[in-house]
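J.: Pasting final_24.cif below, which is mmCIF, C-alpha atoms.
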```cif
data_run
loop_
_atom_site.label_atom_id
_atom_site.label_comp_id
_atom_site.auth_asym_id
_atom_site.auth_seq_id
_atom_site.Cartn_x
_atom_site.Cartn_y
_atom_site.Cartn_z
CA MET A 13 0.60 17.73 -23.72
CA ASN A 14 2.78 15.34 -21.72
CA VAL A 15 1.21 13.87 -18.60
CA PRO A 16 3.45 12.51 -15.81
CA PHE A 17 2.49 9.44 -13.84
CA VAL A 18 2.86 11.43 -10.62
CA ASP A 19 3.93 15.04 -9.95
CA LEU A 20 5.31 15.56 -6.46
CA GLN A 21 6.48 19.08 -7.25
CA ALA A 22 2.90 20.14 -7.99
CA GLN A 23 1.84 19.02 -4.52
CA TYR A 24 4.80 20.77 -2.88
CA ARG A 25 3.89 24.06 -4.54
CA THR A 26 0.41 23.99 -2.98
CA ILE A 27 1.72 23.67 0.61
CA LYS A 28 5.25 25.06 0.28
CA GLY A 29 4.99 27.38 3.25
CA GLU A 30 3.80 24.66 5.62
CA ILE A 31 6.44 22.21 4.46
CA ASP A 32 9.29 24.70 4.62
CA ALA A 33 8.30 25.73 8.15
CA ALA A 34 8.08 22.10 9.29
CA ILE A 35 11.52 21.24 7.95
CA ALA A 36 12.96 24.42 9.43
CA ARG A 37 11.71 23.42 12.89
CA VAL A 38 13.60 20.15 12.69
CA ILE A 39 16.78 21.84 11.54
CA GLU A 40 16.53 24.46 14.27
CA SER A 41 15.95 21.85 16.98
CA SER A 42 18.53 19.42 15.51
CA SER A 43 16.17 16.58 16.47
CA PHE A 44 16.84 14.56 13.34
CA VAL A 45 15.91 11.04 14.53
CA LEU A 46 12.61 10.45 16.36
CA GLY A 47 11.97 13.38 18.69
CA ARG A 48 9.12 15.86 19.10
CA GLU A 49 8.08 16.10 15.46
CA VAL A 50 7.78 12.33 15.10
CA GLU A 51 5.83 12.09 18.35
CA ALA A 52 3.43 14.79 17.17
CA PHE A 53 2.85 12.96 13.91
CA GLU A 54 2.35 9.64 15.69
CA ALA A 55 -0.36 11.17 17.87
CA ALA A 56 -2.07 12.85 14.93
CA PHE A 57 -1.98 9.78 12.69
CA ALA A 58 -3.26 7.48 15.44
CA GLY A 59 -6.20 9.83 15.85
CA TYR A 60 -6.77 9.98 12.11
CA VAL A 61 -7.03 6.22 11.60
CA GLY A 62 -8.80 5.63 14.91
CA ALA A 63 -6.08 3.68 16.73
CA ARG A 64 -4.78 4.14 20.26
CA PHE A 65 -1.13 3.95 19.27
CA CYS A 66 1.08 4.78 16.28
CA VAL A 67 4.76 3.88 16.06
CA GLY A 68 6.69 5.72 13.35
CA VAL A 69 9.35 3.63 11.61
CA SER A 70 11.81 3.91 8.75
CA ASN A 71 9.64 2.47 5.96
CA GLY A 72 6.57 0.38 5.22
CA THR A 73 8.45 -2.89 4.89
CA ALA A 74 9.94 -2.40 8.34
CA ALA A 75 6.44 -1.67 9.64
CA ILE A 76 5.17 -5.08 8.51
CA GLN A 77 8.19 -6.92 9.88
CA ILE A 78 7.95 -5.15 13.23
CA ALA A 79 4.20 -5.70 13.49
CA LEU A 80 4.59 -9.41 12.82
CA GLN A 81 7.37 -9.79 15.35
CA ALA A 82 5.56 -7.69 17.96
CA CYS A 83 2.60 -10.06 17.54
CA GLY A 84 4.87 -13.06 18.14
CA VAL A 85 5.19 -14.28 14.56
CA GLY A 86 8.59 -15.72 13.69
CA ALA A 87 10.62 -18.77 12.76
CA GLY A 88 8.57 -21.83 11.87
CA ASP A 89 5.38 -19.86 11.33
CA GLU A 90 3.47 -19.27 8.11
CA VAL A 91 1.63 -16.10 7.14
CA ILE A 92 -1.14 -15.93 4.54
CA VAL A 93 -0.21 -13.32 1.91
CA PRO A 94 -1.88 -12.39 -1.39
CA ALA A 95 -0.02 -13.48 -4.50
CA ASN A 96 -1.00 -10.19 -6.13
CA THR A 97 0.86 -7.52 -4.17
CA PHE A 98 4.14 -5.64 -4.03
CA PHE A 99 7.06 -7.89 -3.14
CA ALA A 100 7.57 -6.18 0.24
CA SER A 101 4.40 -7.74 1.69
CA ALA A 102 5.94 -11.20 1.43
CA GLU A 103 9.50 -10.00 1.97
CA ALA A 104 8.63 -8.63 5.42
CA VAL A 105 7.16 -11.99 6.38
CA SER A 106 10.47 -13.60 5.44
CA THR A 107 12.61 -11.04 7.27
CA ALA A 108 10.47 -11.62 10.35
CA GLY A 109 11.59 -15.25 10.14
CA ALA A 110 8.31 -16.73 8.88
CA THR A 111 7.25 -18.16 5.51
CA PRO A 112 4.67 -16.57 3.20
CA ARG A 113 1.84 -18.80 2.06
CA PHE A 114 0.20 -17.31 -1.00
CA VAL A 115 -3.49 -16.99 -1.85
CA ASP A 116 -4.96 -15.99 -5.20
CA ALA A 117 -6.63 -12.66 -5.99
CA ASP A 118 -10.29 -11.80 -6.29
CA PRO A 119 -11.06 -11.04 -9.96
CA ALA A 120 -13.12 -7.90 -9.22
CA SER A 121 -11.27 -6.11 -6.41
CA TYR A 122 -7.73 -7.47 -7.16
CA ASN A 123 -7.36 -8.01 -3.40
CA ILE A 124 -6.91 -11.35 -1.67
CA ASP A 125 -9.86 -13.68 -2.27
CA PRO A 126 -11.30 -14.57 1.16
CA ALA A 127 -12.94 -17.69 -0.26
CA ARG A 128 -9.51 -19.16 -0.97
CA ILE A 129 -7.84 -18.42 2.37
CA GLU A 130 -9.05 -21.37 4.43
CA ALA A 131 -7.64 -23.92 1.98
CA ALA A 132 -4.17 -22.39 2.46
CA ILE A 133 -4.16 -22.68 6.26
CA THR A 134 -1.89 -25.33 7.79
CA GLU A 135 -0.90 -26.26 11.32
CA ARG A 136 1.96 -23.74 10.99
CA THR A 137 -0.20 -20.79 9.96
CA ARG A 138 -0.07 -18.00 12.52
CA ALA A 139 -1.35 -14.88 10.77
CA ILE A 140 -3.17 -13.42 7.76
CA LEU A 141 -1.81 -10.30 6.04
CA PRO A 142 -4.53 -8.81 3.82
CA VAL A 143 -3.27 -6.02 1.55
CA HIS A 144 -5.53 -3.08 0.71
CA LEU A 145 -4.28 -2.94 -2.85
CA TYR A 146 -4.34 0.16 -5.05
CA GLY A 147 -6.26 2.14 -2.40
CA GLN A 148 -9.24 -0.18 -1.82
CA SER A 149 -9.83 -2.22 1.30
CA ALA A 150 -9.77 -5.98 1.20
CA ASP A 151 -13.02 -7.60 2.33
CA LEU A 152 -12.16 -7.88 6.01
CA ASP A 153 -15.21 -9.40 7.71
CA PRO A 154 -14.85 -12.87 6.15
CA ILE A 155 -11.10 -12.69 6.85
CA PHE A 156 -11.76 -11.90 10.50
CA GLU A 157 -14.25 -14.79 10.68
CA ILE A 158 -11.69 -17.23 9.25
CA ALA A 159 -9.02 -15.90 11.62
CA ALA A 160 -11.31 -16.34 14.62
CA ARG A 161 -12.12 -19.95 13.67
CA HIS A 162 -8.45 -20.83 13.36
CA ASN A 163 -7.07 -18.61 16.15
CA LEU A 164 -5.00 -16.53 13.73
CA ILE A 165 -3.73 -12.96 13.95
CA VAL A 166 -4.77 -10.45 11.28
CA ILE A 167 -2.39 -7.63 10.38
CA GLU A 168 -3.42 -5.12 7.72
CA ASP A 169 -1.00 -4.01 5.03
CA ALA A 170 -2.45 -0.55 4.37
CA ALA A 171 0.62 0.80 2.57
CA GLN A 172 -1.52 1.92 -0.40
CA ALA A 173 -4.68 2.87 1.45
CA HIS A 174 -4.21 5.96 3.64
CA GLY A 175 -7.72 7.14 4.49
CA ALA A 176 -9.52 4.29 2.73
CA ARG A 177 -12.56 2.92 4.54
CA TYR A 178 -14.08 -0.49 5.11
CA LYS A 179 -17.78 -0.30 5.99
CA GLY A 180 -17.32 3.28 7.13
CA ARG A 181 -14.19 2.79 9.24
CA ARG A 182 -10.68 3.79 8.18
CA VAL A 183 -8.43 0.86 7.42
CA GLY A 184 -5.30 0.13 9.41
CA ALA A 185 -6.93 0.18 12.83
CA LEU A 186 -9.38 -2.67 12.24
CA ALA A 187 -7.11 -5.66 12.93
CA ARG A 188 -4.55 -6.52 15.62
CA ALA A 189 -2.18 -4.09 13.92
CA GLY A 190 -1.97 -2.11 10.71
CA CYS A 191 1.04 -1.12 8.63
CA PHE A 192 1.54 1.98 6.48
CA SER A 193 4.19 3.15 4.06
CA PHE A 194 4.89 6.84 3.52
CA TYR A 195 6.98 6.41 0.40
CA PRO A 196 6.90 9.78 -1.45
CA GLY A 197 4.35 8.77 -4.09
CA LYS A 198 1.79 7.43 -1.60
CA ASN A 199 -1.46 9.27 -0.81
CA LEU A 200 0.35 10.48 2.31
CA GLY A 201 4.00 10.61 1.35
CA ALA A 202 7.15 11.62 3.18
CA TYR A 203 10.14 13.38 1.63
CA GLY A 204 12.10 10.15 1.73
CA GLU A 205 11.25 6.83 3.36
CA GLY A 206 8.83 6.39 6.23
CA GLY A 207 6.33 3.96 7.72
CA ALA A 208 4.16 3.30 10.74
CA VAL A 209 2.55 0.56 12.81
CA VAL A 210 -0.84 1.38 14.31
CA THR A 211 -2.58 -0.71 16.96
CA ASP A 212 -4.97 -0.59 19.91
CA ASP A 213 -2.76 -3.02 21.84
CA ARG A 214 -0.42 -1.30 24.28
CA GLU A 215 1.98 -4.24 24.44
CA ILE A 216 2.27 -4.50 20.66
CA ALA A 217 3.02 -0.78 20.54
CA ARG A 218 5.64 -1.14 23.27
CA LEU A 219 7.36 -4.01 21.50
CA ALA A 220 7.21 -2.15 18.17
CA ARG A 221 8.95 0.86 19.72
CA MET A 222 11.64 -1.40 21.13
CA LEU A 223 12.14 -3.26 17.87
CA ARG A 224 12.54 -0.04 15.88
CA ASP A 225 15.23 1.22 18.28
CA HIS A 226 17.71 -1.62 18.83
CA GLY A 227 15.44 -3.45 21.29
CA SER A 228 15.71 -0.62 23.77
CA GLU A 229 13.33 1.32 25.99
CA ARG A 230 16.15 3.21 27.69
CA LYS A 231 19.27 4.43 25.94
CA TYR A 232 22.08 1.85 26.06
CA HIS A 233 19.81 -0.73 27.76
CA HIS A 234 18.78 -3.41 25.27
CA ASP A 235 16.23 -5.99 26.39
CA ILE A 236 15.76 -7.72 23.03
CA VAL A 237 17.59 -7.77 19.70
CA GLY A 238 15.97 -5.14 17.52
CA TYR A 239 16.79 -2.99 14.50
CA ASN A 240 17.59 0.54 13.47
CA PHE A 241 14.15 1.23 12.01
CA ARG A 242 13.59 4.69 13.49
CA MET A 243 11.66 7.44 11.72
CA GLU A 244 13.62 10.61 10.95
CA GLY A 245 12.52 13.92 12.41
CA ILE A 246 12.12 15.60 9.02
CA GLN A 247 9.82 12.84 7.81
CA GLY A 248 7.65 13.15 10.91
CA ALA A 249 7.43 16.91 10.43
CA VAL A 250 6.57 16.64 6.73
CA LEU A 251 3.93 13.99 7.35
CA ALA A 252 2.34 16.01 10.14
CA ALA A 253 2.16 19.02 7.82
CA LYS A 254 0.58 16.95 5.04
CA LEU A 255 -1.90 14.96 7.14
CA PRO A 256 -4.58 17.71 7.41
CA HIS A 257 -4.70 17.77 3.59
CA LEU A 258 -5.07 14.02 3.12
CA ASP A 259 -8.86 13.80 3.03
CA ASN A 260 -9.08 16.57 0.44
CA TRP A 261 -6.36 14.95 -1.67
CA ASN A 262 -8.21 11.63 -1.47
CA GLU A 263 -11.43 13.29 -2.55
CA LEU A 264 -9.64 14.78 -5.56
CA ARG A 265 -8.34 11.31 -6.45
CA ARG A 266 -11.89 9.98 -6.26
CA ARG A 267 -13.12 12.75 -8.55
CA HIS A 268 -10.33 12.03 -11.03
CA ALA A 269 -11.23 8.33 -10.97
CA ALA A 270 -14.88 9.15 -11.63
CA ARG A 271 -13.84 11.33 -14.57
CA TYR A 272 -11.66 8.55 -15.96
CA ASP A 273 -14.65 6.22 -15.60
CA GLU A 274 -16.72 8.56 -17.77
CA LEU A 275 -14.06 9.23 -20.37
CA LEU A 276 -13.02 5.56 -20.71
CA ALA A 277 -16.48 4.01 -20.50
CA ASN A 278 -16.38 2.89 -24.14
CA SER A 279 -12.69 2.01 -24.28
CA GLY A 280 -13.19 -1.72 -23.89
CA LEU A 281 -10.75 -1.74 -20.98
CA THR A 282 -11.69 -3.23 -17.62
CA LEU A 283 -11.93 -0.23 -15.30
CA PRO A 284 -11.48 -0.33 -11.52
CA ARG A 285 -14.61 -0.98 -9.47
CA GLU A 286 -15.36 0.31 -6.00
CA GLU A 287 -16.72 -2.53 -3.89
CA ALA A 288 -19.93 -1.96 -1.93
CA TYR A 289 -18.12 -2.30 1.40
CA ALA A 290 -15.31 0.11 0.48
CA ARG A 291 -14.44 3.74 0.02
CA HIS A 292 -11.61 3.64 -2.52
CA VAL A 293 -8.89 6.31 -2.30
CA TYR A 294 -7.29 5.47 -5.67
CA HIS A 295 -3.64 5.38 -4.80
CA LEU A 296 -3.55 3.90 -8.29
CA TYR A 297 -6.09 3.91 -11.11
CA VAL A 298 -5.56 0.47 -12.61
CA VAL A 299 -7.13 -0.75 -15.84
CA LEU A 300 -6.88 -4.18 -17.46
CA SER A 301 -5.98 -4.63 -21.11
CA ASP A 302 -5.39 -7.80 -23.11
CA ALA A 303 -2.83 -5.77 -25.09
CA ARG A 304 -1.25 -4.07 -22.08
CA ASP A 305 2.33 -3.89 -23.33
CA GLU A 306 1.33 -2.42 -26.68
CA LEU A 307 -0.97 0.05 -24.93
CA GLN A 308 1.76 1.19 -22.56
CA LYS A 309 4.25 1.63 -25.39
CA SER A 310 1.80 3.66 -27.46
CA LEU A 311 0.87 5.87 -24.52
CA ALA A 312 4.54 6.55 -23.82
CA GLY A 313 4.90 7.65 -27.42
CA ALA A 314 1.98 10.02 -26.88
CA GLY A 315 3.63 11.55 -23.80
CA VAL A 316 1.51 9.75 -21.20
CA GLN A 317 3.47 8.03 -18.44
CA THR A 318 2.04 4.84 -16.96
CA GLY A 319 3.09 2.11 -14.54
CA ILE A 320 2.58 -1.62 -14.07
CA HIS A 321 1.62 -2.74 -10.56
CA TYR A 322 2.80 -5.51 -10.70
CA PRO A 323 4.19 -7.40 -13.72
CA VAL A 324 5.36 -10.55 -11.87
CA PRO A 325 3.24 -12.13 -9.12
CA VAL A 326 5.16 -12.68 -5.91
CA HIS A 327 4.94 -16.48 -6.08
CA LEU A 328 6.84 -16.41 -9.41
CA GLN A 329 9.63 -14.11 -8.21
CA PRO A 330 13.07 -15.80 -8.23
CA ALA A 331 13.48 -14.97 -4.54
CA TYR A 332 10.67 -17.44 -3.75
CA ALA A 333 11.68 -20.19 -6.16
CA SER A 334 12.44 -22.40 -3.16
CA LEU A 335 8.71 -22.54 -2.37
CA GLY A 336 8.23 -24.50 -5.58
CA HIS A 337 5.41 -22.53 -7.18
CA LEU A 338 4.84 -22.82 -10.93
CA PRO A 339 2.95 -20.75 -13.49
CA GLY A 340 -0.71 -21.58 -13.17
CA ASP A 341 -0.68 -22.05 -9.40
CA PHE A 342 -2.49 -18.73 -8.83
CA PRO A 343 -4.16 -18.08 -12.16
CA GLU A 344 -6.13 -14.96 -11.29
CA SER A 345 -3.05 -13.18 -9.95
CA GLU A 346 -1.16 -14.20 -13.08
CA ARG A 347 -4.01 -13.02 -15.32
CA GLN A 348 -3.97 -9.63 -13.64
CA ALA A 349 -0.18 -9.35 -13.75
CA ALA A 350 -0.28 -9.80 -17.53
CA ARG A 351 -2.96 -7.13 -18.00
CA VAL A 352 -2.76 -4.39 -15.36
CA LEU A 353 -1.79 -0.85 -16.34
CA SER A 354 -1.81 2.12 -13.97
CA LEU A 355 -2.79 5.47 -15.50
CA PRO A 356 -1.59 8.84 -14.14
CA MET A 357 -3.19 9.52 -10.76
CA PHE A 358 -2.37 12.31 -8.32
CA PRO A 359 -4.52 14.99 -6.67
CA GLU A 360 -3.17 17.86 -8.77
CA LEU A 361 -4.15 16.35 -12.13
CA THR A 362 -5.97 18.94 -14.21
CA GLY A 363 -9.07 18.45 -16.28
CA GLY A 364 -6.96 18.93 -19.37
CA GLN A 365 -4.50 16.26 -18.30
CA LEU A 366 -7.29 13.78 -17.56
CA ALA A 367 -8.83 14.46 -20.96
CA ARG A 368 -5.47 14.04 -22.66
CA VAL A 369 -4.85 10.66 -20.99
CA ALA A 370 -8.30 9.43 -21.94
CA GLU A 371 -7.94 10.74 -25.49
CA ALA A 372 -4.64 8.92 -25.91
CA VAL A 373 -6.02 5.69 -24.44
CA ASN A 374 -9.12 5.77 -26.63
CA GLU A 375 -7.03 6.45 -29.73
CA VAL A 376 -4.79 3.47 -29.01
CA VAL A 377 -7.51 0.96 -28.13
CA ALA A 378 -9.48 1.92 -31.24
CA ARG A 379 -6.63 0.66 -33.43
CA PRO A 380 -6.46 -2.99 -34.49
CA GLN A 381 -4.15 -4.95 -32.17
CA PRO A 382 -3.09 -8.03 -34.14
CA SER A 383 -0.15 -8.70 -31.79
CA ALA A 384 -2.17 -8.59 -28.57
CA THR A 385 -0.83 -11.11 -26.10
CA ARG A 386 -3.35 -13.22 -24.26
CA ALA A 387 -2.51 -15.24 -21.19
#
```
Write out the structure in this file as structure tokens.

T.:
Amino acid sequence: MNVPFVDLQAQYRTIKGEIDAAIARVIESSSFVLGREVEAFEAAFAGYVGARFCVGVSNGTAAIQIALQACGVGAGDEVIVPANTFFASAEAVSTAGATPRFVDADPASYNIDPARIEAAITERTRAILPVHLYGQSADLDPIFEIAARHNLIVIEDAAQAHGARYKGRRVGALARAGCFSFYPGKNLGAYGEGGAVVTDDREIARLARMLRDHGSERKYHHDIVGYNFRMEGIQGAVLAAKLPHLDNWNELRRRHAARYDELLANSGLTLPREEAYARHVYHLYVVLSDARDELQKSLAGAGVQTGIHYPVPVHLQPAYASLGHLPGDFPESERQAARVLSLPMFPELTGGQLARVAEAVNEVVARPQPSATRA
């Protein structure tokens, strides 16, 4: 039995009628950019996360850039960013005109380590961008306390955490602004690119709407220089159709993770841990292995697809060579990058598929690994 890393067709088959009807409405109305379907999704998603406003945009990276700029972050500023994250978290800081300042990861949650943030703050620091990595919230209370002491803005990168909770509240609406990606493989995925900024601040929402649409509030009247970061009508319609299913899909992911926990308990791998403050939604089920590359290769040979999120920490990416970071600067992020492996995770996984993945993993890790690479 082959097991895919993700199966978007399986999800489509379960809600085909709803999706087809949503797309048909857009085609019939010819409202292909913004419009009624996007507005309906914005209202529904704002209500879902508990924010007053939602601004649909073209992708998650654009959401972070817009949120930063709408909060006044720009040239000459620094933004605290985890070293262990997808490149876009830092990239959006740069495209907003600011400079990312990296902080190492917590060894248990893989999220930014709040205990290391204060040492990274300088006179140029303007904001903190915690990332809710893999579907689990960062520990926000100590981050908010640090931000308050230093008069900093906090913006959540919730691109992997749709529906995740921090101390009972859904992430994204807990800071000055929150940013989501609706890339197709996300817990709530579009049929193409999509993103959103959520906030309780009316002025931030107003500026975000202007920035996504060429700096305009009225057609052909441009008050600021903005971008073409508008959400497409079809994406808004698809997301609105999917949103009522999100909590159930997240619960299925949690059940799959619990089953993995049982089946892999004796594997010797480091399994993901749900922190006491969090409700994990398992966008990814990430294990740590000292012989990660050999494990991935063997699983591929057994028909099990896996992923690595992420093999190169952001501070060691060539794009940020100018910042002067060297191997060893953020050792926990580097340790994780050398060991992380994401197993198949999507709501429609069957019991048989879960058992097959675990069987293949347990078979591989039981073999001697003389070539295991240790960092």

J.: When you look at A:Arg291 with a cut-off of 10 Å (counting only C-alpha atoms), what residues show up, excluding the ones that are within fewer than 5 positions of it in the same chain? I need them as a ChimeraX atom specification.

T.: /A:147-149,173,175-183,266,286

J.: So, with only C-alpha atoms as the atoms that count, which of A:Gly201, A:Gly207, A:Gly364, A:Gly248 lies closest to A:Ala74?

T.: A:Gly207

J.: Which residue out of A:Phe156, A:Phe192, A:Phe17, A:Phe98 has the minimum interatomic distance to A:Val61 when all atoms listed in the file are used?

T.: A:Phe192

J.: Would you pick out the contacts of A:Ile129 at 8 Å or less, using all atoms listed in the file, so that residues sharing its chain but fewer than 4 positions from it are not included, and give the list as a PyMOL selection string?

T.: chain A and resi 92+115+125+133+155+158

J.: Next, write the just-selected residues to a file, as a short mmCIF file (atom, residue, chain, number, x, y, z; two decimals), in the frame of the given file, keeping C-alpha atoms as the atom set.

T.:
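The new file selection-v3.cif reads:
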```cif
data_model
loop_
_atom_site.label_atom_id
_atom_site.label_comp_id
_atom_site.auth_asym_id
_atom_site.auth_seq_id
_atom_site.Cartn_x
_atom_site.Cartn_y
_atom_site.Cartn_z
CA ILE A 92 -1.14 -15.93 4.54
CA VAL A 115 -3.49 -16.99 -1.85
CA ASP A 125 -9.86 -13.68 -2.27
CA ILE A 133 -4.16 -22.68 6.26
CA ILE A 155 -11.10 -12.69 6.85
CA ILE A 158 -11.69 -17.23 9.25
#
```

J.: Given only C-alpha atoms as the basis, pick out the residue of A:Tyr332, A:Arg271, A:Val18, A:Glu346 nearest to A:Arg113.

T.: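 Residue with the minimum atom-to-atom distance to A:Arg113: A:Tyr332.
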
J.: Translate the PyMOL selection byres ((chain A and resi 47) around 12) into a concrete residue list for this structure, as a list in words.

T.: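 Applying the PyMOL selection byres ((chain A and resi 47) around 12) to the structure shown produces Arg37, Val38, Ser41, Ser42, Ser43, Phe44, Val45, Leu46, Arg48, Glu49, Val50, Glu51, Ala52, Phe53, Glu54, Gly68, Arg242, Met243, Glu244, Gly245, Ile246, Gln247, Gly248 and Ala249 of chain A.
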
J.: Nearest to A:Tyr272 among A:Pro323, A:Gly84, A:Pro356, A:Pro339, with distances taken over all atoms listed in the file: which residue is it?

T.: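 Closest to A:Tyr272, using all atoms listed in the file: A:Pro356.
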
J.: As JSON, please: the centre and edge lengths in Å, to one decimal, of an axis-aligned box enclosing every listed atom of stretch 287-304 of chain A with 5 Å added on each side.

T.:
```
{"center_x": -10.6, "center_y": -0.7, "center_z": -11.8, "size_x": 28.7, "size_y": 24.1, "size_z": 36.5}
```

J.: Looking at A:Gln365, A:Ser334, A:Ser345, A:Ser193, which one is nearest to A:Val69, with distances taken over all atoms listed in the file?

T.: A:Ser193

J.: To test your reading of the syntax: which residues would the PyMOL selection byres ((chain A and resi 238) around 8) return for the file shown? Reply as number ranges by chain.

T.: A: 222-228, 236-237, 239-240

J.: Running the PyMOL selection byres ((chain A and resi 58) around 10) on this model by hand, what would come out? Give it as a ChimeraX atom specification.

T.: /A:53-57,59-67,184-185,208-212

J.: Okay, now the selection with C-alpha atoms, as an mmCIF file, in the frame of the given file?

T.:
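Result written to out-v4.cif:
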```
data_model
loop_
_atom_site.group_PDB
_atom_site.id
_atom_site.type_symbol
_atom_site.label_atom_id
_atom_site.label_comp_id
_atom_site.auth_asym_id
_atom_site.auth_seq_id
_atom_site.Cartn_x
_atom_site.Cartn_y
_atom_site.Cartn_z
ATOM 1 C CA PHE A 53 2.850 12.960 13.910
ATOM 2 C CA GLU A 54 2.350 9.640 15.690
ATOM 3 C CA ALA A 55 -0.360 11.170 17.870
ATOM 4 C CA ALA A 56 -2.070 12.850 14.930
ATOM 5 C CA PHE A 57 -1.980 9.780 12.690
ATOM 6 C CA GLY A 59 -6.200 9.830 15.850
ATOM 7 C CA TYR A 60 -6.770 9.980 12.110
ATOM 8 C CA VAL A 61 -7.030 6.220 11.600
ATOM 9 C CA GLY A 62 -8.800 5.630 14.910
ATOM 10 C CA ALA A 63 -6.080 3.680 16.730
ATOM 11 C CA ARG A 64 -4.780 4.140 20.260
ATOM 12 C CA PHE A 65 -1.130 3.950 19.270
ATOM 13 C CA CYS A 66 1.080 4.780 16.280
ATOM 14 C CA VAL A 67 4.760 3.880 16.060
ATOM 15 C CA GLY A 184 -5.300 0.130 9.410
ATOM 16 C CA ALA A 185 -6.930 0.180 12.830
ATOM 17 C CA ALA A 208 4.160 3.300 10.740
ATOM 18 C CA VAL A 209 2.550 0.560 12.810
ATOM 19 C CA VAL A 210 -0.840 1.380 14.310
ATOM 20 C CA THR A 211 -2.580 -0.710 16.960
ATOM 21 C CA ASP A 212 -4.970 -0.590 19.910
#
```

J.: For a cutoff of 12 Å around the file-coordinate point (3.4, 8.5, 1.7), which residues qualify once you count all atoms listed in the file? I'd like the result as a ChimeraX atom specification.

T.: /A:20,70-72,170-175,192-208,247-248,250-252,254-255,258,295

J.: Please produce an output containing C-alpha atoms for each residue in the selection, written as a tab-separated table (two decimals), in the coordinates of the input.

T.:
```
chain	number	residue	atom	x	y	z
A	20	LEU	CA	5.31	15.56	-6.46
A	70	SER	CA	11.81	3.91	8.75
A	71	ASN	CA	9.64	2.47	5.96
A	72	GLY	CA	6.57	0.38	5.22
A	170	ALA	CA	-2.45	-0.55	4.37
A	171	ALA	CA	0.62	0.80	2.57
A	172	GLN	CA	-1.52	1.92	-0.40
A	173	ALA	CA	-4.68	2.87	1.45
A	174	HIS	CA	-4.21	5.96	3.64
A	175	GLY	CA	-7.72	7.14	4.49
A	192	PHE	CA	1.54	1.98	6.48
A	193	SER	CA	4.19	3.15	4.06
A	194	PHE	CA	4.89	6.84	3.52
A	195	TYR	CA	6.98	6.41	0.40
A	196	PRO	CA	6.90	9.78	-1.45
A	197	GLY	CA	4.35	8.77	-4.09
A	198	LYS	CA	1.79	7.43	-1.60
A	199	ASN	CA	-1.46	9.27	-0.81
A	200	LEU	CA	0.35	10.48	2.31
A	201	GLY	CA	4.00	10.61	1.35
A	202	ALA	CA	7.15	11.62	3.18
A	203	TYR	CA	10.14	13.38	1.63
A	204	GLY	CA	12.10	10.15	1.73
A	205	GLU	CA	11.25	6.83	3.36
A	206	GLY	CA	8.83	6.39	6.23
A	207	GLY	CA	6.33	3.96	7.72
A	208	ALA	CA	4.16	3.30	10.74
A	247	GLN	CA	9.82	12.84	7.81
A	248	GLY	CA	7.65	13.15	10.91
A	250	VAL	CA	6.57	16.64	6.73
A	251	LEU	CA	3.93	13.99	7.35
A	252	ALA	CA	2.34	16.01	10.14
A	254	LYS	CA	0.58	16.95	5.04
A	255	LEU	CA	-1.90	14.96	7.14
A	258	LEU	CA	-5.07	14.02	3.12
A	295	HIS	CA	-3.64	5.38	-4.80
```

J.: Looking at A:Leu164, A:Ala378, A:Val324, A:Ala220, which one is nearest to A:Ser279, with distances taken over all atoms listed in the file?

T.: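 So, comparing all the options, the nearest one is A:Ala378.
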
J.: At a cut-off of 12 Å around the point (12.3, -14.1, -3.2) (file coordinates), what residues fall inside when counting only C-alpha atoms? I'd like the answer as a ChimeraX atom specification.

T.: /A:98-107,111-112,324-337

J.: Enter the distance from atom CA of A:His257 to atom CA of A:Ala33, in Å, rounded to one decimal.

T.: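 Spanning atom CA of A:His257 to atom CA of A:Ala33 is a straight-line distance of 15.9 Å.
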